[in-house]
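Below is final32.tsv, which holds TSV, C-alpha atoms.
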chain	number	residue	atom	x	y	z
K	1	MET	CA	0.74	6.66	-26.10
K	2	LYS	CA	1.33	2.94	-25.52
K	3	ILE	CA	2.60	2.28	-21.99
K	4	LEU	CA	3.94	-0.99	-20.61
K	5	PHE	CA	3.75	-1.68	-16.86
K	6	ILE	CA	5.90	-4.38	-15.23
K	7	LEU	CA	4.63	-5.76	-11.93
K	8	ASN	CA	5.58	-8.64	-9.65
K	9	SER	CA	1.92	-9.68	-9.38
K	10	PHE	CA	-1.47	-8.38	-10.41
K	11	TYR	CA	-5.14	-9.31	-10.73
K	12	PRO	CA	-6.73	-11.38	-9.28
K	13	SER	CA	-4.24	-11.02	-6.41
K	14	ILE	CA	-4.55	-7.33	-5.53
K	15	GLY	CA	-2.41	-5.82	-2.78
K	16	GLY	CA	-1.53	-2.19	-2.16
K	17	VAL	CA	0.93	-1.76	-5.05
K	18	GLU	CA	-1.36	-3.63	-7.44
K	19	LYS	CA	-4.38	-1.52	-6.49
K	20	VAL	CA	-2.49	1.76	-6.91
K	21	THR	CA	-1.21	0.63	-10.31
K	22	GLU	CA	-4.70	-0.39	-11.37
K	23	ASN	CA	-6.04	3.02	-10.36
K	24	TYR	CA	-3.36	4.76	-12.44
K	25	CYS	CA	-4.01	2.50	-15.42
K	26	ASN	CA	-7.75	3.18	-15.31
K	27	GLU	CA	-7.18	6.95	-15.37
K	28	LEU	CA	-4.56	6.75	-18.11
K	29	ILE	CA	-6.96	4.72	-20.26
K	30	LYS	CA	-9.54	7.50	-19.82
K	31	MET	CA	-6.91	9.93	-21.14
K	32	GLY	CA	-6.61	7.87	-24.31
K	33	HIS	CA	-3.49	5.81	-23.58
K	34	GLU	CA	-3.17	2.12	-24.39
K	35	ILE	CA	-2.07	0.14	-21.34
K	36	TYR	CA	-0.17	-3.15	-21.40
K	37	LEU	CA	0.83	-4.92	-18.19
K	38	ILE	CA	3.03	-7.97	-17.55
K	39	SER	CA	3.07	-9.78	-14.24
K	40	PHE	CA	4.14	-13.14	-12.92
K	41	ARG	CA	1.61	-15.86	-12.31
K	42	ARG	CA	1.85	-15.47	-8.54
K	43	GLY	CA	0.16	-13.33	-5.94
K	44	GLN	CA	0.23	-11.51	-2.64
K	45	ILE	CA	-2.22	-14.00	-1.17
K	46	SER	CA	-0.40	-17.30	-0.64
K	47	SER	CA	-3.60	-19.38	-0.62
K	48	MET	CA	-4.62	-18.14	-4.08
K	49	ASN	CA	-3.80	-20.51	-6.95
K	50	LEU	CA	-3.06	-18.56	-10.13
K	51	ASN	CA	-1.86	-21.51	-12.22
K	52	THR	CA	-5.16	-21.68	-14.08
K	53	THR	CA	-5.31	-17.97	-14.96
K	54	PRO	CA	-5.00	-17.25	-18.71
K	55	ASP	CA	-1.77	-16.07	-20.32
K	56	PHE	CA	-3.64	-13.03	-21.65
K	57	GLU	CA	-6.86	-11.23	-20.88
K	58	VAL	CA	-8.27	-7.72	-21.04
K	59	TYR	CA	-9.00	-6.61	-17.48
K	60	ASN	CA	-10.84	-3.29	-17.12
K	61	GLY	CA	-9.29	-2.10	-20.37
K	62	ILE	CA	-5.77	-3.24	-19.38
K	63	ASN	CA	-4.06	-5.70	-21.75
K	64	LEU	CA	-2.85	-8.12	-19.08
K	65	TYR	CA	-0.15	-10.72	-19.74
K	66	ARG	CA	0.95	-13.38	-17.24
K	67	VAL	CA	4.19	-15.35	-17.34
K	68	SER	CA	5.98	-17.93	-15.22
K	69	ASP	CA	8.50	-16.66	-12.67
K	70	ARG	CA	10.86	-19.60	-13.21
K	71	PHE	CA	14.48	-19.20	-14.32
K	72	TYR	CA	14.98	-15.76	-12.75
K	73	GLY	CA	12.00	-14.26	-14.57
K	74	ILE	CA	13.47	-14.62	-18.06
K	75	PHE	CA	10.01	-15.42	-19.49
K	76	MET	CA	9.00	-11.85	-18.68
K	77	PHE	CA	11.83	-10.53	-20.87
K	78	PHE	CA	10.81	-12.78	-23.77
K	79	LYS	CA	7.21	-11.62	-23.43
K	80	MET	CA	8.30	-7.97	-23.46
K	81	ILE	CA	10.10	-8.55	-26.75
K	82	LYS	CA	7.01	-10.17	-28.28
K	83	ILE	CA	4.76	-7.33	-27.15
K	84	TYR	CA	7.16	-4.71	-28.49
K	85	LYS	CA	7.29	-6.39	-31.91
K	86	LYS	CA	3.50	-6.37	-31.94
K	87	VAL	CA	2.54	-2.94	-30.55
K	88	LYS	CA	5.78	-0.88	-30.27
K	89	PHE	CA	5.09	0.52	-26.79
K	90	ASP	CA	6.42	4.05	-26.14
K	91	LEU	CA	7.31	3.94	-22.43
K	92	ILE	CA	7.92	1.43	-19.63
K	93	GLN	CA	7.02	1.87	-15.96
K	94	PHE	CA	8.06	-0.69	-13.35
K	95	SER	CA	8.13	-1.06	-9.58
K	96	ASP	CA	10.58	-3.83	-8.77
K	97	PHE	CA	13.95	-5.18	-9.81
K	98	TRP	CA	12.35	-6.82	-12.85
K	99	GLY	CA	12.86	-3.37	-14.34
K	100	ILE	CA	16.33	-4.67	-15.17
K	101	PHE	CA	14.74	-6.02	-18.37
K	102	ALA	CA	13.62	-2.48	-19.30
K	103	ILE	CA	17.26	-1.41	-19.68
K	104	PHE	CA	17.50	-3.45	-22.90
K	105	PHE	CA	14.66	-1.44	-24.45
K	106	LYS	CA	16.17	1.81	-23.19
K	107	LEU	CA	19.52	1.08	-24.86
K	108	LYS	CA	18.28	-0.56	-28.07
K	109	TYR	CA	15.13	1.45	-28.83
K	110	ASN	CA	15.64	4.61	-26.73
K	111	ILE	CA	12.40	3.94	-24.83
K	112	PRO	CA	12.03	6.06	-21.65
K	113	ILE	CA	11.77	4.03	-18.43
K	114	VAL	CA	10.19	5.15	-15.15
K	115	HIS	CA	10.89	3.47	-11.80
K	116	HIS	CA	7.95	3.76	-9.38
K	117	LEU	CA	9.12	3.34	-5.77
K	118	HIS	CA	6.30	2.01	-3.58
K	119	GLY	CA	8.53	1.11	-0.65
K	120	TYR	CA	12.02	0.37	0.61
K	121	GLN	CA	12.73	-2.96	-1.11
K	122	GLU	CA	15.51	-1.44	-3.19
K	123	ILE	CA	17.50	-0.42	-0.09
K	124	CYS	CA	16.23	-2.95	2.46
K	125	PRO	CA	16.06	-6.71	1.84
K	126	THR	CA	12.92	-7.12	3.97
K	127	GLY	CA	11.25	-4.00	2.56
K	128	LEU	CA	10.46	-2.89	6.14
K	129	TYR	CA	13.42	-0.53	6.61
K	130	LEU	CA	13.49	-1.59	10.26
K	131	CYS	CA	16.75	0.16	11.08
K	132	GLY	CA	15.24	3.52	10.13
K	133	ASN	CA	17.61	6.46	10.32
K	134	SER	CA	20.47	4.30	11.55
K	135	HIS	CA	20.40	2.28	8.33
K	136	LYS	CA	23.54	3.16	6.33
K	137	TYR	CA	22.82	1.05	3.25
K	138	SER	CA	25.51	-1.27	4.56
K	139	ILE	CA	25.58	-4.86	3.31
K	140	LYS	CA	26.99	-5.88	6.69
K	141	GLN	CA	24.05	-4.28	8.53
K	142	CYS	CA	21.48	-5.90	6.24
K	143	HIS	CA	23.17	-9.25	6.66
K	144	SER	CA	23.36	-9.06	10.48
K	145	TYR	CA	20.15	-7.19	11.41
K	146	CYS	CA	17.77	-8.77	8.93
K	147	GLY	CA	19.40	-12.18	8.55
K	148	GLN	CA	19.31	-11.92	4.77
K	149	GLY	CA	21.57	-14.06	2.60
K	150	LEU	CA	24.75	-12.27	1.56
K	151	LEU	CA	24.56	-13.43	-2.06
K	152	LYS	CA	20.93	-12.28	-2.30
K	153	ILE	CA	21.86	-8.83	-0.99
K	154	LEU	CA	24.82	-8.49	-3.37
K	155	ARG	CA	22.73	-9.63	-6.35
K	156	GLU	CA	19.89	-7.22	-5.65
K	157	ARG	CA	22.24	-4.29	-4.97
K	158	PHE	CA	23.89	-4.85	-8.36
K	159	ILE	CA	20.51	-4.99	-10.11
K	160	TYR	CA	19.15	-1.86	-8.46
K	161	LYS	CA	22.31	0.17	-9.09
K	162	SER	CA	22.05	-0.78	-12.76
K	163	ILE	CA	18.41	0.27	-12.85
K	164	TRP	CA	19.12	3.62	-11.17
K	165	LYS	CA	21.89	4.33	-13.66
K	166	PHE	CA	19.70	3.95	-16.73
K	167	THR	CA	16.21	4.94	-15.56
K	168	ASP	CA	14.99	8.31	-16.80
K	169	LEU	CA	12.95	9.16	-13.72
K	170	ILE	CA	12.19	7.73	-10.28
K	171	VAL	CA	8.77	8.42	-8.74
K	172	ALA	CA	8.47	7.93	-4.97
K	173	VAL	CA	5.10	7.56	-3.27
K	174	SER	CA	6.10	9.85	-0.38
K	175	ASP	CA	8.83	12.20	0.75
K	176	ALA	CA	9.69	9.64	3.43
K	177	VAL	CA	10.57	7.16	0.70
K	178	LYS	CA	12.30	9.76	-1.47
K	179	PHE	CA	14.63	10.99	1.27
K	180	ALA	CA	15.40	7.44	2.41
K	181	TYR	CA	16.77	6.72	-1.07
K	182	ILE	CA	18.56	10.06	-1.41
K	183	LYS	CA	20.24	9.40	1.92
K	184	THR	CA	21.61	6.09	0.72
K	185	LYS	CA	22.55	7.19	-2.79
K	186	PHE	CA	22.82	10.97	-3.16
K	187	SER	CA	23.15	10.87	-6.94
K	188	LEU	CA	19.47	9.87	-7.13
K	189	LYS	CA	18.50	13.39	-6.03
K	190	LYS	CA	18.62	14.63	-9.62
K	191	LYS	CA	16.09	12.14	-10.94
K	192	ILE	CA	13.65	11.40	-8.08
K	193	LEU	CA	10.39	13.17	-7.22
K	194	THR	CA	7.33	12.50	-5.08
K	195	ILE	CA	3.82	11.83	-6.35
K	196	TYR	CA	1.43	10.56	-3.69
K	197	ASN	CA	-0.73	7.51	-4.25
K	198	GLY	CA	-4.33	8.27	-5.04
K	199	ILE	CA	-7.68	6.52	-4.89
K	200	SER	CA	-10.71	6.78	-7.12
K	201	LEU	CA	-13.36	9.03	-5.60
K	202	ASP	CA	-15.84	7.89	-8.25
K	203	GLU	CA	-16.14	4.53	-6.49
K	204	ASN	CA	-18.64	5.44	-3.81
K	205	GLY	CA	-18.80	1.85	-2.60
K	206	ALA	CA	-21.39	1.00	0.04
K	207	SER	CA	-24.41	3.13	0.72
K	208	ASN	CA	-24.41	5.54	3.62
K	209	SER	CA	-26.54	3.13	5.63
K	210	THR	CA	-25.71	3.08	9.31
K	211	LYS	CA	-26.25	-0.69	9.42
K	212	ASN	CA	-23.03	-2.46	10.32
K	213	LEU	CA	-22.69	-5.78	8.50
K	214	TYR	CA	-20.39	-7.01	11.26
K	215	GLN	CA	-22.32	-5.79	14.29
K	216	ILE	CA	-21.27	-8.29	16.95
K	217	ASP	CA	-23.99	-7.93	19.58
K	218	ASN	CA	-27.28	-7.09	17.87
K	219	SER	CA	-29.12	-7.17	21.18
K	220	ASN	CA	-27.29	-4.04	22.27
K	221	GLU	CA	-29.60	-1.10	21.56
K	222	LYS	CA	-26.80	1.38	22.14
K	223	LYS	CA	-24.74	1.85	18.97
K	224	ASP	CA	-21.36	0.19	19.27
K	225	ARG	CA	-18.13	2.13	19.14
K	226	VAL	CA	-16.11	0.37	16.47
K	227	LEU	CA	-12.34	0.16	16.17
K	228	LEU	CA	-11.13	-1.18	12.84
K	229	PHE	CA	-7.90	-2.72	11.60
K	230	VAL	CA	-7.35	-3.44	7.90
K	231	GLY	CA	-4.19	-5.09	6.59
K	232	ARG	CA	-1.98	-8.16	6.53
K	233	LEU	CA	-1.86	-10.00	9.83
K	234	ILE	CA	1.91	-9.95	10.42
K	235	ASP	CA	4.11	-9.16	13.42
K	236	HIS	CA	5.17	-5.64	12.48
K	237	ARG	CA	1.58	-4.42	12.22
K	238	ASN	CA	1.21	-5.09	15.95
K	239	ILE	CA	-2.50	-5.87	16.01
K	240	ILE	CA	-1.83	-8.28	18.90
K	241	LYS	CA	-0.99	-5.26	21.08
K	242	ILE	CA	-4.42	-3.76	20.36
K	243	ILE	CA	-6.07	-7.04	21.35
K	244	ARG	CA	-4.09	-7.07	24.61
K	245	ILE	CA	-5.10	-3.52	25.59
K	246	LEU	CA	-8.72	-4.07	24.54
K	247	PRO	CA	-9.88	-5.16	28.04
K	248	GLU	CA	-8.62	-1.83	29.45
K	249	LEU	CA	-10.39	0.05	26.67
K	250	ILE	CA	-13.62	-1.83	27.32
K	251	GLU	CA	-13.50	-0.79	30.99
K	252	LYS	CA	-13.83	2.82	29.80
K	253	ILE	CA	-16.03	2.18	26.74
K	254	SER	CA	-18.33	-0.76	27.45
K	255	ASN	CA	-19.87	-0.87	23.95
K	256	LEU	CA	-16.49	-1.08	22.19
K	257	LYS	CA	-15.95	-3.56	19.35
K	258	LEU	CA	-12.85	-4.40	17.31
K	259	ILE	CA	-13.14	-5.53	13.69
K	260	ILE	CA	-10.04	-7.11	12.14
K	261	THR	CA	-10.10	-7.25	8.33
K	262	GLY	CA	-7.39	-9.07	6.41
K	263	SER	CA	-5.43	-12.30	6.46
K	264	GLY	CA	-1.89	-13.39	7.10
K	265	PRO	CA	0.42	-15.82	8.90
K	266	LYS	CA	-0.53	-14.52	12.38
K	267	ALA	CA	-4.30	-15.03	12.02
K	268	LEU	CA	-4.43	-18.16	14.20
K	269	LEU	CA	-2.23	-16.56	16.88
K	270	LEU	CA	-4.48	-13.49	17.01
K	271	LYS	CA	-7.63	-15.61	17.28
K	272	SER	CA	-6.01	-17.57	20.10
K	273	GLU	CA	-5.19	-14.30	21.88
K	274	VAL	CA	-8.82	-13.18	21.58
K	275	GLU	CA	-9.98	-16.50	23.04
K	276	LYS	CA	-7.45	-16.34	25.87
K	277	ASN	CA	-8.59	-12.85	26.90
K	278	GLY	CA	-12.30	-13.73	26.71
K	279	LEU	CA	-12.95	-11.20	23.94
K	280	ASN	CA	-15.06	-13.31	21.58
K	281	LYS	CA	-18.03	-10.97	22.01
K	282	ASN	CA	-15.93	-7.91	21.29
K	283	VAL	CA	-13.75	-8.98	18.36
K	284	VAL	CA	-14.65	-10.24	14.89
K	285	PHE	CA	-12.34	-11.44	12.11
K	286	THR	CA	-13.81	-10.78	8.67
K	287	GLY	CA	-11.04	-12.16	6.48
K	288	ILE	CA	-10.18	-10.27	3.30
K	289	LEU	CA	-12.85	-7.81	2.13
K	290	THR	CA	-13.00	-5.73	-1.04
K	291	GLY	CA	-15.42	-3.45	-2.85
K	292	ASP	CA	-18.73	-2.61	-1.21
K	293	LYS	CA	-18.11	-4.82	1.83
K	294	LEU	CA	-14.87	-3.04	2.67
K	295	ALA	CA	-16.47	0.35	2.02
K	296	ASN	CA	-19.29	-0.58	4.41
K	297	ILE	CA	-16.74	-1.41	7.12
K	298	TYR	CA	-15.07	1.99	6.71
K	299	LEU	CA	-18.41	3.81	6.77
K	300	ASN	CA	-19.47	2.16	10.02
K	301	ALA	CA	-16.16	2.30	11.89
K	302	ASP	CA	-15.36	5.12	14.30
K	303	LEU	CA	-11.58	4.83	14.18
K	304	LEU	CA	-9.01	2.93	12.12
K	305	VAL	CA	-6.12	1.72	14.28
K	306	MET	CA	-2.77	1.31	12.49
K	307	PRO	CA	-0.21	0.47	15.20
K	308	ILE	CA	2.63	0.02	12.68
K	309	THR	CA	6.16	0.40	14.07
K	310	PHE	CA	8.05	0.42	10.77
K	311	PRO	CA	8.11	3.47	8.45
K	312	GLU	CA	5.12	2.68	6.22
K	313	PRO	CA	5.84	4.36	2.84
K	314	LEU	CA	2.31	5.65	2.19
K	315	SER	CA	-0.68	3.62	3.33
K	316	THR	CA	-3.45	3.24	0.75
K	317	VAL	CA	-5.62	1.69	3.47
K	318	ILE	CA	-5.43	4.90	5.50
K	319	ILE	CA	-6.36	7.01	2.48
K	320	GLU	CA	-9.31	4.73	1.67
K	321	ALA	CA	-10.55	4.86	5.25
K	322	MET	CA	-10.31	8.66	5.42
K	323	SER	CA	-12.20	8.96	2.13
K	324	LYS	CA	-15.15	7.24	3.84
K	325	GLY	CA	-14.95	9.51	6.87
K	326	CYS	CA	-13.10	7.01	9.06
K	327	PRO	CA	-10.20	8.82	10.79
K	328	VAL	CA	-6.97	7.07	11.72
K	329	ILE	CA	-4.75	6.75	14.76
K	330	THR	CA	-1.18	5.67	14.06
K	331	PHE	CA	2.44	6.35	14.98
K	332	ASN	CA	4.20	9.41	13.60
K	333	ILE	CA	6.63	7.49	11.42
K	334	GLY	CA	7.38	7.01	7.70
K	335	GLY	CA	4.85	8.61	5.36
K	336	MET	CA	2.11	8.89	8.01
K	337	PRO	CA	2.55	12.65	8.69
K	338	GLU	CA	2.27	13.27	4.94
K	339	ILE	CA	-1.28	11.87	5.07
K	340	ILE	CA	-2.47	12.97	8.50
K	341	ASP	CA	-2.58	16.41	10.05
K	342	ASN	CA	-2.55	15.57	13.76
K	343	GLU	CA	-5.74	16.46	15.68
K	344	ASN	CA	-7.25	17.91	12.48
K	345	ASP	CA	-8.04	14.91	10.27
K	346	GLY	CA	-6.46	12.08	12.26
K	347	PHE	CA	-4.14	11.31	15.15
K	348	LEU	CA	-0.35	10.82	15.24
K	349	ILE	CA	1.30	9.30	18.31
K	350	PRO	CA	5.05	9.52	19.06
K	351	PRO	CA	6.63	6.22	17.94
K	352	TYR	CA	6.38	3.29	20.37
K	353	ASP	CA	4.40	5.21	23.02
K	354	TRP	CA	1.80	2.49	23.58
K	355	GLU	CA	0.40	4.03	26.76
K	356	LEU	CA	-0.42	7.27	24.94
K	357	PHE	CA	-1.84	5.25	22.03
K	358	LYS	CA	-4.28	3.59	24.44
K	359	GLU	CA	-5.19	6.83	26.23
K	360	LYS	CA	-5.77	8.62	22.93
K	361	ILE	CA	-8.21	5.96	21.71
K	362	ILE	CA	-10.28	6.43	24.86
K	363	LYS	CA	-10.22	10.20	24.53
K	364	ILE	CA	-11.22	10.12	20.86
K	365	LEU	CA	-14.13	7.73	21.29
K	366	THR	CA	-15.57	9.62	24.27
K	367	ASP	CA	-15.54	13.02	22.54
K	368	ASN	CA	-18.27	12.62	19.93
K	369	LYS	CA	-18.36	16.28	18.90
K	370	LYS	CA	-14.67	16.35	18.03
K	371	LEU	CA	-14.84	12.95	16.36
K	372	ILE	CA	-17.55	14.14	13.97
K	373	LYS	CA	-15.41	17.13	12.97
K	374	ILE	CA	-12.34	14.92	12.45
K	375	LYS	CA	-14.37	12.58	10.22
K	376	GLN	CA	-15.44	15.50	8.02
K	377	ASN	CA	-11.89	16.83	7.75
K	378	ALA	CA	-10.56	13.39	6.83
K	379	LYS	CA	-12.89	13.17	3.83
K	380	LYS	CA	-11.94	16.66	2.68
K	381	LYS	CA	-8.21	15.85	2.95
K	382	VAL	CA	-8.51	12.94	0.55
K	383	GLU	CA	-10.57	14.92	-1.93
K	384	LEU	CA	-7.94	17.66	-2.03
K	385	LYS	CA	-4.71	15.68	-1.82
K	386	PHE	CA	-5.22	12.05	-2.85
K	387	ASN	CA	-7.60	12.04	-5.81
K	388	ILE	CA	-6.20	9.53	-8.32
K	389	ARG	CA	-7.39	11.69	-11.20
K	390	ASN	CA	-5.10	14.52	-10.17
K	391	GLN	CA	-2.18	12.16	-9.50
K	392	ALA	CA	-2.61	10.51	-12.91
K	393	ARG	CA	-2.48	13.93	-14.58
K	394	LYS	CA	0.86	14.55	-12.91
K	395	ILE	CA	2.14	11.19	-14.13
K	396	ASN	CA	0.83	11.97	-17.62
K	397	LYS	CA	2.76	15.25	-17.72
K	398	ILE	CA	5.91	13.35	-16.82
K	399	TYR	CA	5.32	10.86	-19.61
K	400	LEU	CA	4.85	13.65	-22.15
K	401	LYS	CA	8.07	15.38	-21.02
K	402	LEU	CA	10.02	12.14	-21.28
K	403	MET	CA	8.62	11.47	-24.75
K	404	GLY	CA	9.58	15.00	-25.77
K	405	ARG	CA	13.09	14.41	-24.46
K	406	LYS	CA	13.23	11.18	-26.46

Show me the file's structure as structure tokens.
Amino acid sequence: MKILFILNSFYPSIGGVEKVTENYCNELIKMGHEIYLISFRRGQISSMNLNTTPDFEVYNGINLYRVSDRFYGIFMFFKMIKIYKKVKFDLIQFSDFWGIFAIFFKLKYNIPIVHHLHGYQEICPTGLYLCGNSHKYSIKQCHSYCGQGLLKILRERFIYKSIWKFTDLIVAVSDAVKFAYIKTKFSLKKKILTIYNGISLDENGASNSTKNLYQIDNSNEKKDRVLLFVGRLIDHRNIIKIIRILPELIEKISNLKLIITGSGPKALLLKSEVEKNGLNKNVVFTGILTGDKLANIYLNADLLVMPITFPEPLSTVIIEAMSKGCPVITFNIGGMPEIIDNENDGFLIPPYDWELFKEKIIKILTDNKKLIKIKQNAKKKVELKFNIRNQARKINKIYLKLMGRK
């Protein structure tokens, strides 16, 4: 089968959606499918210049095309037509409102189209779904709460309603995402299902060495307790709150270190906060890490802190950390309880209870026997529930059913 993926951005700028898509593509190629992917020449990382990237390349077996995002993305549509004339792809999968172009191929060539929902962008202009359960899919609410332009909201609502009307199937990455969409548009219930994101367990990454590449105080013979944060450095991820409670944590756990991995608009503010609180010896910023370096961080961390206060759809970072035996503490919101079984393979805190969040970190890091057991359970959870090979087989069955229906 020849499958075309449509993405907002892709390699070399790899974020969560891009990484999940790449994992799926790799498994589908192993099954014998031909994969074609179109993305815009732009990325998740603002500092990355993609203007010099080629229009076409084969990346890990994926036939990757890049186009300009000017003129409302019309170059993507033209490229899709050229690819279809050349290879006659059998199915289209997309994950953003650029799927509007897929409708043409659905109507003219009867090609099945699959909409992969990685988040809340289709019902929330910011993609953060900040209003949670009180959100009524109201244009007025979006306009007032989120400060989004009215014309932008109206335009996107029209596009997404058109996509939902013609798409053959909608795949949500979690039940949290699925029910958020069903709540706003009940008619979607008949064509939406959940398939969790997966990661490749074949990529063992770093060795099981206990050496920590980012050990802050090498003179300390006692092994550090390491808290880890991985993600974009933005307000709603609340890493500044962890920095502010760190002095209280250090009073209880003197050998505590915090490693912050990632980049974002709040990086300078966070570094200033570390300086202001005299935490230079306890906090290190690594910037963006991938591959073996990121795997090494997971292997050597005791606990991943994810103090997110918006309903994260399904965190790939959490799944990656757990696969390396690094358990997670986070708020019980969004798709988090679909990944973590509280007190068994991770820790869920009632939303916005920062005092309990702090107390729980102390309790976890001072109970070594329980922590070891939690680490083991976290690895097992990922092997059973989030193996990309199993998830790709589910996607493949869907493709075959849709082709049979065609």

Spatial neighbours of Gly264 (chain K), 12 Å, all atoms listed in the file, chain gap at least 3 places, as a list in words
Gln44, Ile45, Ser46, Ser47, Val230, Gly231, Arg232, Leu233, Ile234, Asp235, His236, Arg237, Ile239, Ile260, Thr261, Ala267, Leu268, Leu269, Leu270, Lys271, Phe285, Gly287 and Ile288 of chain K

Would you mind reading off the distance between CA of Asn344 (chain K) and CA of Gly198 (chain K), one decimal, in Å?
20.2 Å

Could you tell me how far CA of Ile123 (chain K) sits from CA of Ala180 (chain K), in Å to one decimal place?
8.5 Å

Measure the distance from CA of Glu359 (chain K) to CA of Asp341 (chain K) in Å and round it to one decimal.
19.0 Å

Skip region 89-106 of chain K itself and residues of its chain fewer than 4 positions away, then list as a ChimeraX atom specification all residues within 10 Å of it, counting all atoms listed in the file.
/K:1-8,17,21,34-39,72-74,76-78,80-81,83-85,110-119,121-122,156-157,159-171,399,402-403,406

Give me a file of those residues, with C-alpha atoms, as a compact mmCIF listing (two decimals), in the coordinates of the input.
# COMPACT_ATOMS: atom_id res chain seq x y z
CA MET K 1 0.74 6.66 -26.10
CA LYS K 2 1.33 2.94 -25.52
CA ILE K 3 2.60 2.28 -21.99
CA LEU K 4 3.94 -0.99 -20.61
CA PHE K 5 3.75 -1.68 -16.86
CA ILE K 6 5.90 -4.38 -15.23
CA LEU K 7 4.63 -5.76 -11.93
CA ASN K 8 5.58 -8.64 -9.65
CA VAL K 17 0.93 -1.76 -5.05
CA THR K 21 -1.21 0.63 -10.31
CA GLU K 34 -3.17 2.12 -24.39
CA ILE K 35 -2.07 0.14 -21.34
CA TYR K 36 -0.17 -3.15 -21.40
CA LEU K 37 0.83 -4.92 -18.19
CA ILE K 38 3.03 -7.97 -17.55
CA SER K 39 3.07 -9.78 -14.24
CA TYR K 72 14.98 -15.76 -12.75
CA GLY K 73 12.00 -14.26 -14.57
CA ILE K 74 13.47 -14.62 -18.06
CA MET K 76 9.00 -11.85 -18.68
CA PHE K 77 11.83 -10.53 -20.87
CA PHE K 78 10.81 -12.78 -23.77
CA MET K 80 8.30 -7.97 -23.46
CA ILE K 81 10.10 -8.55 -26.75
CA ILE K 83 4.76 -7.33 -27.15
CA TYR K 84 7.16 -4.71 -28.49
CA LYS K 85 7.29 -6.39 -31.91
CA ASN K 110 15.64 4.61 -26.73
CA ILE K 111 12.40 3.94 -24.83
CA PRO K 112 12.03 6.06 -21.65
CA ILE K 113 11.77 4.03 -18.43
CA VAL K 114 10.19 5.15 -15.15
CA HIS K 115 10.89 3.47 -11.80
CA HIS K 116 7.95 3.76 -9.38
CA LEU K 117 9.12 3.34 -5.77
CA HIS K 118 6.30 2.01 -3.58
CA GLY K 119 8.53 1.11 -0.65
CA GLN K 121 12.73 -2.96 -1.11
CA GLU K 122 15.51 -1.44 -3.19
CA GLU K 156 19.89 -7.22 -5.65
CA ARG K 157 22.24 -4.29 -4.97
CA ILE K 159 20.51 -4.99 -10.11
CA TYR K 160 19.15 -1.86 -8.46
CA LYS K 161 22.31 0.17 -9.09
CA SER K 162 22.05 -0.78 -12.76
CA ILE K 163 18.41 0.27 -12.85
CA TRP K 164 19.12 3.62 -11.17
CA LYS K 165 21.89 4.33 -13.66
CA PHE K 166 19.70 3.95 -16.73
CA THR K 167 16.21 4.94 -15.56
CA ASP K 168 14.99 8.31 -16.80
CA LEU K 169 12.95 9.16 -13.72
CA ILE K 170 12.19 7.73 -10.28
CA VAL K 171 8.77 8.42 -8.74
CA TYR K 399 5.32 10.86 -19.61
CA LEU K 402 10.02 12.14 -21.28
CA MET K 403 8.62 11.47 -24.75
CA LYS K 406 13.23 11.18 -26.46
